[in-house]
Amino acid sequence: MTSFLDCWSEIASTLFAQALAGEPELVESYPRPIDSGSFCFKATLNGDLNVRLSMTIEGAVLDSPLLGEGRDQKEAWGELLRETCDAAAGELLARTGQNCRVVSFEPCEGDSQVSRAFQLRSGDRAWTILVRDEVGAPAKKVDPEPGQTGSRTNESVSSPAALSPGMELLMDVELEAALRFGCREMPLGEILELGPGDVVELDRQVSDPVDLIVGDKIVARGDVVLVNGNFGLRVTEVAAPRKRLESIRCLF
């Protein structure tokens, strides 16, 4: 079965080649000791799986021009590795249906235990990356006591078991879904004056979640990730089933 680390290694191979100068190749190798100047980041993911992934990188990579000049190299590596973990979570969801998300990402001490080792090769140079993953089962959900009302979260993910037979017939209907990154009202004159190179500023920050739209209804929100080189959505909020049905009714 595909693991989070499997997804991480494939995503890292693609992203590193895209983001680093010289399009270096990431290949699996035998573990070996690395210098005392190495640095490490740890990602913690929660959801259907609880994952702790530590990534220790040979310190000599900081002296290379892989991430360009004029940047804090260690900070830039942290940003790239965080993006890799986010994208790997999206890949895991696409392959297995297991949903988890990065809840913390921080520098850490190098891990003495290794799950898999890689080399990042660029020309005649190579740097070692050691990765360790720990995977645990999600926390067991506790049913509410008799007489207590379930939480809002449980209501939002409960299955639509109470649907009428007529509505059940619609479950296989294919609908077009779209992502909305933001919007802006513009006079018709400004729209007609738009040309190549013009920038239209939207009403949403880069860090804000994007909307998943079906019809004219928002059915979910989440973060944009990469899945096999394509854009995807890692869902962080979802409407209750009956709310989602409103998007179907508006199409008929």
# chains A, B, ... in the order shown; residues from 1 in each chain; ligands from 1

$ select_by_dssp --residues "stretch 3-244 of chain A" --states "strand (DSSP E)" --output "PyMOL selection string"
chain A and resi 25-29+39-47+50-57+100-108+116-122+125-136+177-180+210-214+217-227+230-238

$ closest_atom_pairs --of "stretch 94-123 of chain A" --to "stretch 45-64 of chain A" --cutoff "6 Å" --atoms "only C-alpha atoms" --output "tab-separated table"
residue	atom	partner	partner_atom	distance
A:Gln98	CA	A:Asp48	CA	5.5
A:Asn99	CA	A:Asp48	CA	5.4
A:Cys100	CA	A:Gly47	CA	4.1
A:Arg101	CA	A:Leu45	CA	5.1
A:Val102	CA	A:Leu45	CA	4.3
A:Val103	CA	A:Leu45	CA	5.5
A:Gly110	CA	A:Thr56	CA	5.7

$ write_last_selection --atoms "N, CA and C atoms" --output "PDB file, in the first residue's frame"
ATOM      1  N   GLN A  98      -6.842   8.616   1.971  1.00  0.00           N
ATOM      2  CA  GLN A  98      -6.482   8.970   3.342  1.00  0.00           C
ATOM      3  C   GLN A  98      -6.132  10.453   3.403  1.00  0.00           C
ATOM      4  N   ASN A  99      -6.869  11.172   4.233  1.00  0.00           N
ATOM      5  CA  ASN A  99      -6.734  12.619   4.298  1.00  0.00           C
ATOM      6  C   ASN A  99      -5.956  13.023   5.546  1.00  0.00           C
ATOM      7  N   CYS A 100      -4.853  13.726   5.363  1.00  0.00           N
ATOM      8  CA  CYS A 100      -4.121  14.296   6.488  1.00  0.00           C
ATOM      9  C   CYS A 100      -3.531  15.625   6.049  1.00  0.00           C
ATOM     10  N   ARG A 101      -3.203  16.469   6.994  1.00  0.00           N
ATOM     11  CA  ARG A 101      -2.689  17.796   6.665  1.00  0.00           C
ATOM     12  C   ARG A 101      -1.568  18.171   7.622  1.00  0.00           C
ATOM     13  N   VAL A 102      -0.679  19.036   7.158  1.00  0.00           N
ATOM     14  CA  VAL A 102       0.441  19.502   7.981  1.00  0.00           C
ATOM     15  C   VAL A 102      -0.094  20.453   9.052  1.00  0.00           C
ATOM     16  N   VAL A 103       0.102  20.090  10.320  1.00  0.00           N
ATOM     17  CA  VAL A 103      -0.346  20.947  11.420  1.00  0.00           C
ATOM     18  C   VAL A 103       0.810  21.686  12.068  1.00  0.00           C
ATOM     19  N   GLY A 110      18.801  16.675  14.272  1.00  0.00           N
ATOM     20  CA  GLY A 110      18.899  15.555  13.347  1.00  0.00           C
ATOM     21  C   GLY A 110      18.513  14.241  14.005  1.00  0.00           C
TER      22      GLY A 110
END

$ closest_residue --among "A:Val219, A:Val238, A:Val224, A:Val27" --to "A:Val206" --atoms "only C-alpha atoms"
A:Val224

$ residues_around --residues "A:Glu185" --least-positions-apart "5" --cutoff "10 Å" --atoms "only C-alpha atoms" --output "PyMOL selection string"
chain A and resi 191+202-203

$ atom_distance --atom1 "atom CA of A:Phe231" --atom2 "atom CA of A:Lys42"
24.7 Å

$ select_by_dssp --residues "stretch 9-91 of chain A" --states "helix (DSSP H, G or I)" --output "ChimeraX atom specification"
/A:9-19,59-63,73-91

$ write_last_selection --atoms "C-alpha atoms" --output "mmCIF file, in the first residue's frame"
data_model
loop_
_atom_site.group_PDB
_atom_site.id
_atom_site.type_symbol
_atom_site.label_atom_id
_atom_site.label_comp_id
_atom_site.auth_asym_id
_atom_site.auth_seq_id
_atom_site.Cartn_x
_atom_site.Cartn_y
_atom_site.Cartn_z
ATOM 1 C CA SER A 9 9.800 10.873 -2.291
ATOM 2 C CA GLU A 10 7.975 11.132 -5.632
ATOM 3 C CA ILE A 11 6.796 14.693 -4.993
ATOM 4 C CA ALA A 12 10.257 15.727 -3.762
ATOM 5 C CA SER A 13 11.866 14.350 -6.907
ATOM 6 C CA THR A 14 9.558 16.513 -9.046
ATOM 7 C CA LEU A 15 9.591 19.688 -6.945
ATOM 8 C CA PHE A 16 13.335 19.697 -6.337
ATOM 9 C CA ALA A 17 13.983 19.450 -10.081
ATOM 10 C CA GLN A 18 11.571 22.342 -10.690
ATOM 11 C CA ALA A 19 12.634 24.630 -7.840
ATOM 12 C CA GLY A 59 24.992 21.022 5.533
ATOM 13 C CA ALA A 60 27.256 21.385 2.485
ATOM 14 C CA VAL A 61 24.150 21.981 0.369
ATOM 15 C CA LEU A 62 23.930 25.479 1.916
ATOM 16 C CA ASP A 63 27.131 26.430 0.085
ATOM 17 C CA GLN A 73 19.444 29.232 2.378
ATOM 18 C CA LYS A 74 18.222 27.312 5.407
ATOM 19 C CA GLU A 75 14.945 29.240 5.479
ATOM 20 C CA ALA A 76 14.498 28.681 1.743
ATOM 21 C CA TRP A 77 15.035 24.944 2.217
ATOM 22 C CA GLY A 78 12.409 24.993 4.962
ATOM 23 C CA GLU A 79 9.894 26.606 2.597
ATOM 24 C CA LEU A 80 10.625 24.041 -0.107
ATOM 25 C CA LEU A 81 10.349 21.075 2.266
ATOM 26 C CA ARG A 82 7.088 22.415 3.731
ATOM 27 C CA GLU A 83 5.666 22.723 0.210
ATOM 28 C CA THR A 84 6.817 19.159 -0.487
ATOM 29 C CA CYS A 85 5.005 17.817 2.591
ATOM 30 C CA ASP A 86 1.809 19.696 1.673
ATOM 31 C CA ALA A 87 1.906 18.322 -1.870
ATOM 32 C CA ALA A 88 2.645 14.785 -0.596
ATOM 33 C CA ALA A 89 -0.469 14.966 1.595
ATOM 34 C CA GLY A 90 -2.516 15.814 -1.491
ATOM 35 C CA GLU A 91 -0.924 12.964 -3.420
#

$ residues_around --residues "A:Leu66" --least-positions-apart "6" --cutoff "8 Å" --atoms "only C-alpha atoms" --output "mmCIF file with N, CA, C and O atoms, in the first residue's frame"
data_model
loop_
_atom_site.group_PDB
_atom_site.id
_atom_site.type_symbol
_atom_site.label_atom_id
_atom_site.label_comp_id
_atom_site.auth_asym_id
_atom_site.auth_seq_id
_atom_site.Cartn_x
_atom_site.Cartn_y
_atom_site.Cartn_z
ATOM 1 N N LEU A 20 14.982 23.937 -7.911
ATOM 2 C CA LEU A 20 16.415 24.113 -7.682
ATOM 3 C C LEU A 20 17.166 24.318 -8.988
ATOM 4 O O LEU A 20 16.815 23.739 -10.020
ATOM 5 N N ALA A 21 18.195 25.139 -8.926
ATOM 6 C CA ALA A 21 18.997 25.420 -10.113
ATOM 7 C C ALA A 21 19.689 24.153 -10.611
ATOM 8 O O ALA A 21 20.162 23.331 -9.820
ATOM 9 N N GLY A 22 19.733 23.986 -11.915
ATOM 10 C CA GLY A 22 20.397 22.830 -12.493
ATOM 11 C C GLY A 22 19.550 21.586 -12.572
ATOM 12 O O GLY A 22 20.015 20.546 -13.017
#

$ atom_distance --atom1 "atom CA of A:Leu120" --atom2 "atom CA of A:Glu134"
22.8 Å

$ decode --residues "stretch 69-84 of chain A" --atoms "all heavy atoms" --output "PDB file, in the first residue's frame"
ATOM      1  N   GLU A  69      21.010  33.183  -5.143  1.00  0.00           N
ATOM      2  CA  GLU A  69      21.744  34.054  -4.245  1.00  0.00           C
ATOM      3  C   GLU A  69      20.786  35.026  -3.547  1.00  0.00           C
ATOM      4  O   GLU A  69      19.654  35.217  -3.964  1.00  0.00           O
ATOM      5  CB  GLU A  69      22.794  34.850  -5.030  1.00  0.00           C
ATOM      6  CG  GLU A  69      23.773  33.983  -5.816  1.00  0.00           C
ATOM      7  CD  GLU A  69      24.691  33.175  -4.908  1.00  0.00           C
ATOM      8  OE1 GLU A  69      24.835  33.554  -3.728  1.00  0.00           O
ATOM      9  OE2 GLU A  69      25.270  32.181  -5.391  1.00  0.00           O
ATOM     10  N   GLY A  70      21.290  35.635  -2.464  1.00  0.00           N
ATOM     11  CA  GLY A  70      20.528  36.680  -1.784  1.00  0.00           C
ATOM     12  C   GLY A  70      19.394  36.183  -0.920  1.00  0.00           C
ATOM     13  O   GLY A  70      18.505  36.955  -0.570  1.00  0.00           O
ATOM     14  N   ARG A  71      19.385  34.909  -0.546  1.00  0.00           N
ATOM     15  CA  ARG A  71      18.329  34.353   0.307  1.00  0.00           C
ATOM     16  C   ARG A  71      18.965  33.628   1.482  1.00  0.00           C
ATOM     17  O   ARG A  71      20.098  33.152   1.400  1.00  0.00           O
ATOM     18  CB  ARG A  71      17.449  33.359  -0.475  1.00  0.00           C
ATOM     19  CG  ARG A  71      16.794  33.902  -1.702  1.00  0.00           C
ATOM     20  CD  ARG A  71      15.938  32.838  -2.379  1.00  0.00           C
ATOM     21  NE  ARG A  71      14.829  32.428  -1.536  1.00  0.00           N
ATOM     22  CZ  ARG A  71      14.016  31.412  -1.840  1.00  0.00           C
ATOM     23  NH1 ARG A  71      14.228  30.702  -2.925  1.00  0.00           N
ATOM     24  NH2 ARG A  71      13.021  31.094  -1.029  1.00  0.00           N
ATOM     25  N   ASP A  72      18.229  33.559   2.586  1.00  0.00           N
ATOM     26  CA  ASP A  72      18.632  32.708   3.691  1.00  0.00           C
ATOM     27  C   ASP A  72      18.433  31.265   3.238  1.00  0.00           C
ATOM     28  O   ASP A  72      17.291  30.807   3.087  1.00  0.00           O
ATOM     29  CB  ASP A  72      17.800  33.021   4.931  1.00  0.00           C
ATOM     30  CG  ASP A  72      18.229  32.210   6.149  1.00  0.00           C
ATOM     31  OD1 ASP A  72      18.302  30.971   6.042  1.00  0.00           O
ATOM     32  OD2 ASP A  72      18.496  32.811   7.201  1.00  0.00           O
ATOM     33  N   GLN A  73      19.525  30.550   2.986  1.00  0.00           N
ATOM     34  CA  GLN A  73      19.444  29.232   2.378  1.00  0.00           C
ATOM     35  C   GLN A  73      18.669  28.231   3.237  1.00  0.00           C
ATOM     36  O   GLN A  73      17.860  27.458   2.732  1.00  0.00           O
ATOM     37  CB  GLN A  73      20.851  28.710   2.095  1.00  0.00           C
ATOM     38  CG  GLN A  73      21.607  29.517   1.053  1.00  0.00           C
ATOM     39  CD  GLN A  73      20.968  29.417  -0.321  1.00  0.00           C
ATOM     40  OE1 GLN A  73      20.787  28.336  -0.861  1.00  0.00           O
ATOM     41  NE2 GLN A  73      20.620  30.561  -0.888  1.00  0.00           N
ATOM     42  N   LYS A  74      18.908  28.268   4.542  1.00  0.00           N
ATOM     43  CA  LYS A  74      18.222  27.312   5.407  1.00  0.00           C
ATOM     44  C   LYS A  74      16.722  27.601   5.437  1.00  0.00           C
ATOM     45  O   LYS A  74      15.886  26.682   5.403  1.00  0.00           O
ATOM     46  CB  LYS A  74      18.818  27.363   6.818  1.00  0.00           C
ATOM     47  CG  LYS A  74      18.356  26.212   7.705  1.00  0.00           C
ATOM     48  CD  LYS A  74      19.074  26.224   9.045  1.00  0.00           C
ATOM     49  CE  LYS A  74      20.556  25.940   8.898  1.00  0.00           C
ATOM     50  NZ  LYS A  74      21.217  25.812  10.219  1.00  0.00           N
ATOM     51  N   GLU A  75      16.365  28.874   5.496  1.00  0.00           N
ATOM     52  CA  GLU A  75      14.945  29.240   5.479  1.00  0.00           C
ATOM     53  C   GLU A  75      14.301  28.846   4.155  1.00  0.00           C
ATOM     54  O   GLU A  75      13.160  28.364   4.121  1.00  0.00           O
ATOM     55  CB  GLU A  75      14.798  30.742   5.711  1.00  0.00           C
ATOM     56  CG  GLU A  75      13.358  31.224   5.722  1.00  0.00           C
ATOM     57  CD  GLU A  75      13.250  32.716   5.963  1.00  0.00           C
ATOM     58  OE1 GLU A  75      14.178  33.291   6.585  1.00  0.00           O
ATOM     59  OE2 GLU A  75      12.254  33.317   5.531  1.00  0.00           O
ATOM     60  N   ALA A  76      15.024  29.050   3.055  1.00  0.00           N
ATOM     61  CA  ALA A  76      14.498  28.681   1.743  1.00  0.00           C
ATOM     62  C   ALA A  76      14.289  27.173   1.638  1.00  0.00           C
ATOM     63  O   ALA A  76      13.300  26.712   1.058  1.00  0.00           O
ATOM     64  CB  ALA A  76      15.452  29.167   0.648  1.00  0.00           C
ATOM     65  N   TRP A  77      15.222  26.397   2.201  1.00  0.00           N
ATOM     66  CA  TRP A  77      15.035  24.944   2.217  1.00  0.00           C
ATOM     67  C   TRP A  77      13.808  24.570   3.042  1.00  0.00           C
ATOM     68  O   TRP A  77      13.060  23.648   2.688  1.00  0.00           O
ATOM     69  CB  TRP A  77      16.281  24.256   2.762  1.00  0.00           C
ATOM     70  CG  TRP A  77      17.252  23.890   1.688  1.00  0.00           C
ATOM     71  CD1 TRP A  77      18.410  24.524   1.355  1.00  0.00           C
ATOM     72  CD2 TRP A  77      17.135  22.793   0.769  1.00  0.00           C
ATOM     73  NE1 TRP A  77      19.023  23.914   0.301  1.00  0.00           N
ATOM     74  CE2 TRP A  77      18.268  22.834  -0.083  1.00  0.00           C
ATOM     75  CE3 TRP A  77      16.197  21.796   0.590  1.00  0.00           C
ATOM     76  CZ2 TRP A  77      18.472  21.915  -1.099  1.00  0.00           C
ATOM     77  CZ3 TRP A  77      16.399  20.864  -0.430  1.00  0.00           C
ATOM     78  CH2 TRP A  77      17.509  20.925  -1.255  1.00  0.00           C
ATOM     79  N   GLY A  78      13.595  25.262   4.154  1.00  0.00           N
ATOM     80  CA  GLY A  78      12.409  24.993   4.962  1.00  0.00           C
ATOM     81  C   GLY A  78      11.127  25.225   4.180  1.00  0.00           C
ATOM     82  O   GLY A  78      10.178  24.429   4.254  1.00  0.00           O
ATOM     83  N   GLU A  79      11.080  26.319   3.402  1.00  0.00           N
ATOM     84  CA  GLU A  79       9.894  26.606   2.597  1.00  0.00           C
ATOM     85  C   GLU A  79       9.666  25.515   1.549  1.00  0.00           C
ATOM     86  O   GLU A  79       8.530  25.076   1.319  1.00  0.00           O
ATOM     87  CB  GLU A  79      10.056  27.966   1.912  1.00  0.00           C
ATOM     88  CG  GLU A  79      10.074  29.146   2.882  1.00  0.00           C
ATOM     89  CD  GLU A  79      10.402  30.446   2.186  1.00  0.00           C
ATOM     90  OE1 GLU A  79      10.623  30.421   0.955  1.00  0.00           O
ATOM     91  OE2 GLU A  79      10.441  31.488   2.860  1.00  0.00           O
ATOM     92  N   LEU A  80      10.759  25.072   0.923  1.00  0.00           N
ATOM     93  CA  LEU A  80      10.625  24.041  -0.107  1.00  0.00           C
ATOM     94  C   LEU A  80      10.173  22.712   0.495  1.00  0.00           C
ATOM     95  O   LEU A  80       9.307  22.019  -0.066  1.00  0.00           O
ATOM     96  CB  LEU A  80      11.960  23.872  -0.829  1.00  0.00           C
ATOM     97  CG  LEU A  80      12.023  22.782  -1.917  1.00  0.00           C
ATOM     98  CD1 LEU A  80      10.981  23.025  -2.993  1.00  0.00           C
ATOM     99  CD2 LEU A  80      13.419  22.727  -2.528  1.00  0.00           C
ATOM    100  N   LEU A  81      10.733  22.344   1.635  1.00  0.00           N
ATOM    101  CA  LEU A  81      10.349  21.075   2.266  1.00  0.00           C
ATOM    102  C   LEU A  81       8.922  21.131   2.791  1.00  0.00           C
ATOM    103  O   LEU A  81       8.202  20.125   2.752  1.00  0.00           O
ATOM    104  CB  LEU A  81      11.324  20.748   3.391  1.00  0.00           C
ATOM    105  CG  LEU A  81      12.756  20.404   2.935  1.00  0.00           C
ATOM    106  CD1 LEU A  81      13.685  20.303   4.141  1.00  0.00           C
ATOM    107  CD2 LEU A  81      12.774  19.097   2.150  1.00  0.00           C
ATOM    108  N   ARG A  82       8.481  22.276   3.289  1.00  0.00           N
ATOM    109  CA  ARG A  82       7.088  22.415   3.731  1.00  0.00           C
ATOM    110  C   ARG A  82       6.145  22.240   2.542  1.00  0.00           C
ATOM    111  O   ARG A  82       5.130  21.530   2.633  1.00  0.00           O
ATOM    112  CB  ARG A  82       6.882  23.782   4.382  1.00  0.00           C
ATOM    113  CG  ARG A  82       5.398  24.159   4.641  1.00  0.00           C
ATOM    114  CD  ARG A  82       4.758  23.225   5.651  1.00  0.00           C
ATOM    115  NE  ARG A  82       3.328  23.411   5.730  1.00  0.00           N
ATOM    116  CZ  ARG A  82       2.709  24.062   6.727  1.00  0.00           C
ATOM    117  NH1 ARG A  82       3.425  24.600   7.700  1.00  0.00           N
ATOM    118  NH2 ARG A  82       1.407  24.177   6.758  1.00  0.00           N
ATOM    119  N   GLU A  83       6.478  22.873   1.413  1.00  0.00           N
ATOM    120  CA  GLU A  83       5.666  22.723   0.210  1.00  0.00           C
ATOM    121  C   GLU A  83       5.632  21.262  -0.241  1.00  0.00           C
ATOM    122  O   GLU A  83       4.583  20.757  -0.679  1.00  0.00           O
ATOM    123  CB  GLU A  83       6.227  23.605  -0.909  1.00  0.00           C
ATOM    124  CG  GLU A  83       5.434  23.541  -2.197  1.00  0.00           C
ATOM    125  CD  GLU A  83       6.035  24.386  -3.298  1.00  0.00           C
ATOM    126  OE1 GLU A  83       7.011  25.121  -3.021  1.00  0.00           O
ATOM    127  OE2 GLU A  83       5.540  24.307  -4.439  1.00  0.00           O
ATOM    128  N   THR A  84       6.767  20.568  -0.102  1.00  0.00           N
ATOM    129  CA  THR A  84       6.817  19.159  -0.487  1.00  0.00           C
ATOM    130  C   THR A  84       5.894  18.311   0.382  1.00  0.00           C
ATOM    131  O   THR A  84       5.196  17.425  -0.123  1.00  0.00           O
ATOM    132  CB  THR A  84       8.267  18.642  -0.374  1.00  0.00           C
ATOM    133  OG1 THR A  84       9.121  19.447  -1.175  1.00  0.00           O
ATOM    134  CG2 THR A  84       8.371  17.199  -0.844  1.00  0.00           C
TER     135      THR A  84
END
